[in-house]
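*Asks:* First the structure, then my questions, so here it is.
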Amino acid sequence: MASLHRRRSNQKSKKAKPVAKPPMKSRKRARKITTLFHKYTRERDEAEKQGNSKAVQDWERKIQEIGGREEYQRASQLNTSFHSTSKWVLKHLSKQQNWLDSGVVDNEGDDNEKDNSKVLRRKVRLLEVGAINTELLQAANKRQYLHVRAIDLRSSHELIEEIDFFQLEYLHADPDKRYDTIVCSMVLNCISTPEQRGNMLFILKDHLIPGSGLLFLTIPLLCLTQSPYITKDTFLDVLGSEGVGFEIIETKETPKIAFFILRSPKAKNKISFGFSGGGVYSGTADEINPRWSKMVVVRQGKKFRNTFAVILTEPGKRRLSHRDVGNV
């Protein structure tokens, strides 16, 4: 009996330890971690630009002291639980687009092979950038016409692919066979520099099907209200026809979050850029409005809580590689 008791005790002691930390429950701690992580990473990136290796190490140590990116992800999971991005996305795709109930009209086949007597439909192709939970992945399991691919720089779940968005290959060489929808929630504000943020917006647009692809974008409202370099109106100008080229479908905000639904442009047509001070700059959608080529102070007279800005630069040579993942 004694030996049997010892074996049972040993079995209990060898109980598997949890792979991940339990969810964060304190909203106060989540806000603190999020604020410090953004501050420390911003300072670290600035030190890297200046070539100050000692400062880079100091800021990296501070990041690790608060738990690093893993702790930041746990904080983000708690913060986003109070404003479900997935519900917002699914509601729009279902009610406004009617995609989730009947699928997307399939215009990708060979015209000679199509049966014009009936409309062919396929699944909605959705890419989630910076996924911190599996809500959209789980929704796809329950819906006939939805396929979700979720990626993040540091995956927190086995179903989320660990990929750097800036290294992500196009879904297909043909733009008409790319994503119908991209969800990019609370990611743009985490990008280090204004130039990289502008580049991300262009790349997001390039991953979408022209003319119909939808981008669901969210950022902290403070980025637009507490920065000397940008306002709500100028950010819309950056996103719209005067900047990246998106069509603004819908905007809304809560006390903390700004929400945007954007549609990719149909074609690279000739457009004219207007300036607030008068005058017009004419060019194509491939050319960048000089208005957005540098940071300009648009607010003065008080201390600001952040320096959020977006700079649009010439895209240069586009990536030529692609990967066809097949029909989904």
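Order determines the names: the first chain of the structure tokens is A, the second B, and so forth; residues in each chain are numbered 1 upward, and ligands are numbered 1 upward as they are shown.
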I want to know what sits within 10 Å of Pro194 in chain A, based on only C-alpha atoms, with residues of the same chain fewer than 6 positions away left out; could you give that as a list in words?
*Replies:*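 Within the cut-off, the hits are Leu188, Met200, Ser293, Lys294, Met295, Thr307, Phe308, Ala309, Val310, Ile311, Leu312 and Thr313 of chain A.
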*Asks:* Hey, can you spit out that residue selection with N, CA and C atoms as a short mmCIF file (atom, residue, chain, number, x, y, z; two decimals), in the first residue's frame?
*Replies:*
data_model
loop_
_atom_site.label_atom_id
_atom_site.label_comp_id
_atom_site.auth_asym_id
_atom_site.auth_seq_id
_atom_site.Cartn_x
_atom_site.Cartn_y
_atom_site.Cartn_z
N LEU A 188 -1.12 49.14 -36.63
CA LEU A 188 -0.45 50.28 -37.27
C LEU A 188 0.26 51.16 -36.25
N MET A 200 3.22 50.22 -44.68
CA MET A 200 2.29 49.15 -44.31
C MET A 200 0.92 49.37 -44.96
N SER A 293 4.84 63.63 -47.51
CA SER A 293 6.21 63.14 -47.60
C SER A 293 7.07 63.53 -46.40
N LYS A 294 6.52 64.27 -45.47
CA LYS A 294 7.27 64.65 -44.28
C LYS A 294 6.30 64.94 -43.13
N MET A 295 6.84 64.96 -41.91
CA MET A 295 6.03 65.27 -40.73
C MET A 295 5.87 66.78 -40.62
N THR A 307 3.65 60.89 -30.53
CA THR A 307 4.13 61.55 -31.75
C THR A 307 3.68 60.76 -32.98
N PHE A 308 2.50 60.17 -32.92
CA PHE A 308 2.01 59.35 -34.02
C PHE A 308 1.94 60.18 -35.30
N ALA A 309 2.42 59.61 -36.39
CA ALA A 309 2.39 60.26 -37.70
C ALA A 309 2.50 59.19 -38.77
N VAL A 310 2.13 59.54 -40.00
CA VAL A 310 2.26 58.64 -41.15
C VAL A 310 2.92 59.42 -42.27
N ILE A 311 3.99 58.86 -42.82
CA ILE A 311 4.67 59.46 -43.97
C ILE A 311 4.56 58.51 -45.15
N LEU A 312 4.15 59.05 -46.30
CA LEU A 312 4.02 58.25 -47.51
C LEU A 312 5.22 58.53 -48.41
N THR A 313 5.94 57.48 -48.75
CA THR A 313 7.10 57.59 -49.61
C THR A 313 6.88 56.80 -50.89
#
*Asks:* Show me a table, sorted first by chain and then by increasing residue number, of the residues of range 111-157 of chain A having an atom at most 10 Å from range 83-95 of chain A, each with its shortest atom pair and the distance in Å to one decimal, counting only C-alpha atoms and written as JSON lines.
*Replies:*
{"residue": "A:Val124", "atom": "CA", "partner": "A:Leu93", "partner_atom": "CA", "distance": 9.2}
{"residue": "A:Glu128", "atom": "CA", "partner": "A:Ser86", "partner_atom": "CA", "distance": 9.9}
{"residue": "A:Asn133", "atom": "CA", "partner": "A:Ser86", "partner_atom": "CA", "distance": 9.7}
{"residue": "A:Thr134", "atom": "CA", "partner": "A:Ser86", "partner_atom": "CA", "distance": 9.4}
{"residue": "A:Glu135", "atom": "CA", "partner": "A:Ser86", "partner_atom": "CA", "distance": 6.5}
{"residue": "A:Leu136", "atom": "CA", "partner": "A:Ser86", "partner_atom": "CA", "distance": 5.9}
{"residue": "A:Leu137", "atom": "CA", "partner": "A:Ser86", "partner_atom": "CA", "distance": 9.7}
{"residue": "A:Ala139", "atom": "CA", "partner": "A:Leu90", "partner_atom": "CA", "distance": 8.5}
{"residue": "A:Leu146", "atom": "CA", "partner": "A:Leu90", "partner_atom": "CA", "distance": 9.9}
*Asks:* Which one is closest to Gly213 in chain A: A:Arg263, A:Lys303, A:Lys49, A:Lys177? Count only C-alpha atoms.
*Replies:*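 The closest residue to Gly213 in chain A is A:Arg263.
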*Asks:* Smallest atom-to-atom distance to Val183 in chain A: which of A:Pro220, A:Pro290, A:Pro265, A:Gly130, using only C-alpha atoms?
*Replies:*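 Closest residue, counting only C-alpha atoms: A:Gly130.
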*Asks:* If you measure from CA of Ala258 in chain A to CA of Lys123 in chain A, what distance in Å do you get, rounded to one decimal?
*Replies:*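 So the answer is 28.5 Å.
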*Asks:* What is the distance between CA of Thr41 in chain A and CA of Asn189 in chain A, in Å to one decimal?
*Replies:*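 Distance reported for this atom pair: 11.6 Å.
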*Asks:* Do you know which residues are at most 7 Å from Thr218 in chain A counting only C-alpha atoms, after dropping those on the same chain fewer than 4 positions away, and could you put them as a ChimeraX atom specification?
*Replies:* /A:184-186,257-260
*Asks:* Next, write the just-selected residues to a file, as a PDB file, in the first residue's frame, keeping C-alpha atoms as the atom set.
*Replies:*
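Written out: part-v4.pdb:
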ATOM      1  CA  CYS A 184      -5.556  45.000 -39.042  1.00  0.00           C
ATOM      2  CA  SER A 185      -6.545  45.878 -35.500  1.00  0.00           C
ATOM      3  CA  MET A 186      -4.264  47.888 -33.184  1.00  0.00           C
ATOM      4  CA  ILE A 257     -10.581  53.250 -30.313  1.00  0.00           C
ATOM      5  CA  ALA A 258     -10.956  54.626 -33.856  1.00  0.00           C
ATOM      6  CA  PHE A 259     -12.517  52.219 -36.402  1.00  0.00           C
ATOM      7  CA  PHE A 260     -12.234  52.397 -40.199  1.00  0.00           C
TER       8      PHE A 260
END
*Asks:* Pick from A:Ala131, A:Ile151, A:Val238, A:Val105: nearest to Val119 in chain A, with only C-alpha atoms counted?
*Replies:*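 Selected residue with least distance to Val119 in chain A: A:Val105.
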*Asks:* Using backbone DSSP assignments, extract all alpha helix (DSSP H) residues from range 25-239 of chain A; output them as number ranges by chain.
*Replies:* A: 27-50, 53-65, 68-80, 85-91, 99-102, 135-142, 194-206, 222-225, 232-239
*Asks:* Write out as an mmCIF file with N, CA, C and O atoms, in the first residue's frame each polymer residue whose atoms come within 10 Å of Tyr40 in chain A, counting only C-alpha atoms; drop sequence neighbours fewer than 6 positions from it.
*Replies:*
data_model
loop_
_atom_site.group_PDB
_atom_site.id
_atom_site.type_symbol
_atom_site.label_atom_id
_atom_site.label_comp_id
_atom_site.auth_asym_id
_atom_site.auth_seq_id
_atom_site.Cartn_x
_atom_site.Cartn_y
_atom_site.Cartn_z
ATOM 1 N N GLU A 46 14.416 54.450 -31.726
ATOM 2 C CA GLU A 46 15.080 55.733 -31.952
ATOM 3 C C GLU A 46 16.579 55.602 -31.677
ATOM 4 O O GLU A 46 17.408 56.162 -32.404
ATOM 5 N N VAL A 56 20.204 51.075 -26.826
ATOM 6 C CA VAL A 56 19.361 49.997 -27.342
ATOM 7 C C VAL A 56 19.286 48.863 -26.323
ATOM 8 O O VAL A 56 18.205 48.336 -26.028
ATOM 9 N N ASP A 58 19.810 49.062 -23.095
ATOM 10 C CA ASP A 58 19.102 49.536 -21.899
ATOM 11 C C ASP A 58 17.592 49.463 -22.098
ATOM 12 O O ASP A 58 16.860 49.007 -21.209
ATOM 13 N N TRP A 59 17.127 49.918 -23.272
ATOM 14 C CA TRP A 59 15.686 49.903 -23.527
ATOM 15 C C TRP A 59 15.185 48.476 -23.713
ATOM 16 O O TRP A 59 14.076 48.158 -23.286
ATOM 17 N N GLU A 60 16.005 47.616 -24.311
ATOM 18 C CA GLU A 60 15.617 46.219 -24.477
ATOM 19 C C GLU A 60 15.499 45.545 -23.114
ATOM 20 O O GLU A 60 14.598 44.715 -22.895
ATOM 21 N N ARG A 61 16.389 45.897 -22.183
ATOM 22 C CA ARG A 61 16.314 45.350 -20.830
ATOM 23 C C ARG A 61 15.013 45.781 -20.151
ATOM 24 O O ARG A 61 14.343 44.987 -19.474
ATOM 25 N N LYS A 62 14.634 47.044 -20.341
ATOM 26 C CA LYS A 62 13.387 47.543 -19.748
ATOM 27 C C LYS A 62 12.172 46.801 -20.321
ATOM 28 O O LYS A 62 11.215 46.491 -19.595
ATOM 29 N N ILE A 63 12.233 46.520 -21.624
ATOM 30 C CA ILE A 63 11.138 45.780 -22.258
ATOM 31 C C ILE A 63 11.007 44.394 -21.636
ATOM 32 O O ILE A 63 9.900 43.929 -21.334
#
*Asks:* What gap, in Å, lies between CA of Ile163 in chain A and CA of Thr193 in chain A?
*Replies:*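 The value is 19.5 Å.
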*Asks:* Using only C-alpha atoms, which of the listed residues (A:Gly51, A:Pro228, A:Gly68, A:Gly198) sits closest to Glu314 in chain A?
*Replies:*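 Ranking A:Gly51, A:Pro228, A:Gly68, A:Gly198 by distance to Glu314 in chain A, first place goes to A:Gly198.
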*Asks:* Identify all residues of range 49-179 of chain A in strand (DSSP E or B) (DSSP on the backbone) and supply them as a list in words.
*Replies:*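 Answer for range 49-179 of chain A restricted to strand (DSSP E or B) is Val104, Val105, Arg121, Arg122, Val124, Arg125, Leu126, Leu127, Glu128, Val129, Leu146, His147, Val148, Arg149, Ala150, Ile151, Asp152, Glu161, Glu162, Tyr170 and Tyr179 of chain A.
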*Asks:* I need the residue nearest Phe216 in chain A from this list: A:Tyr229, A:Tyr145, A:Phe235, A:Phe246. Use only C-alpha atoms for the distance.
*Replies:*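 Closest to Phe216 in chain A of all the choices is A:Phe246.
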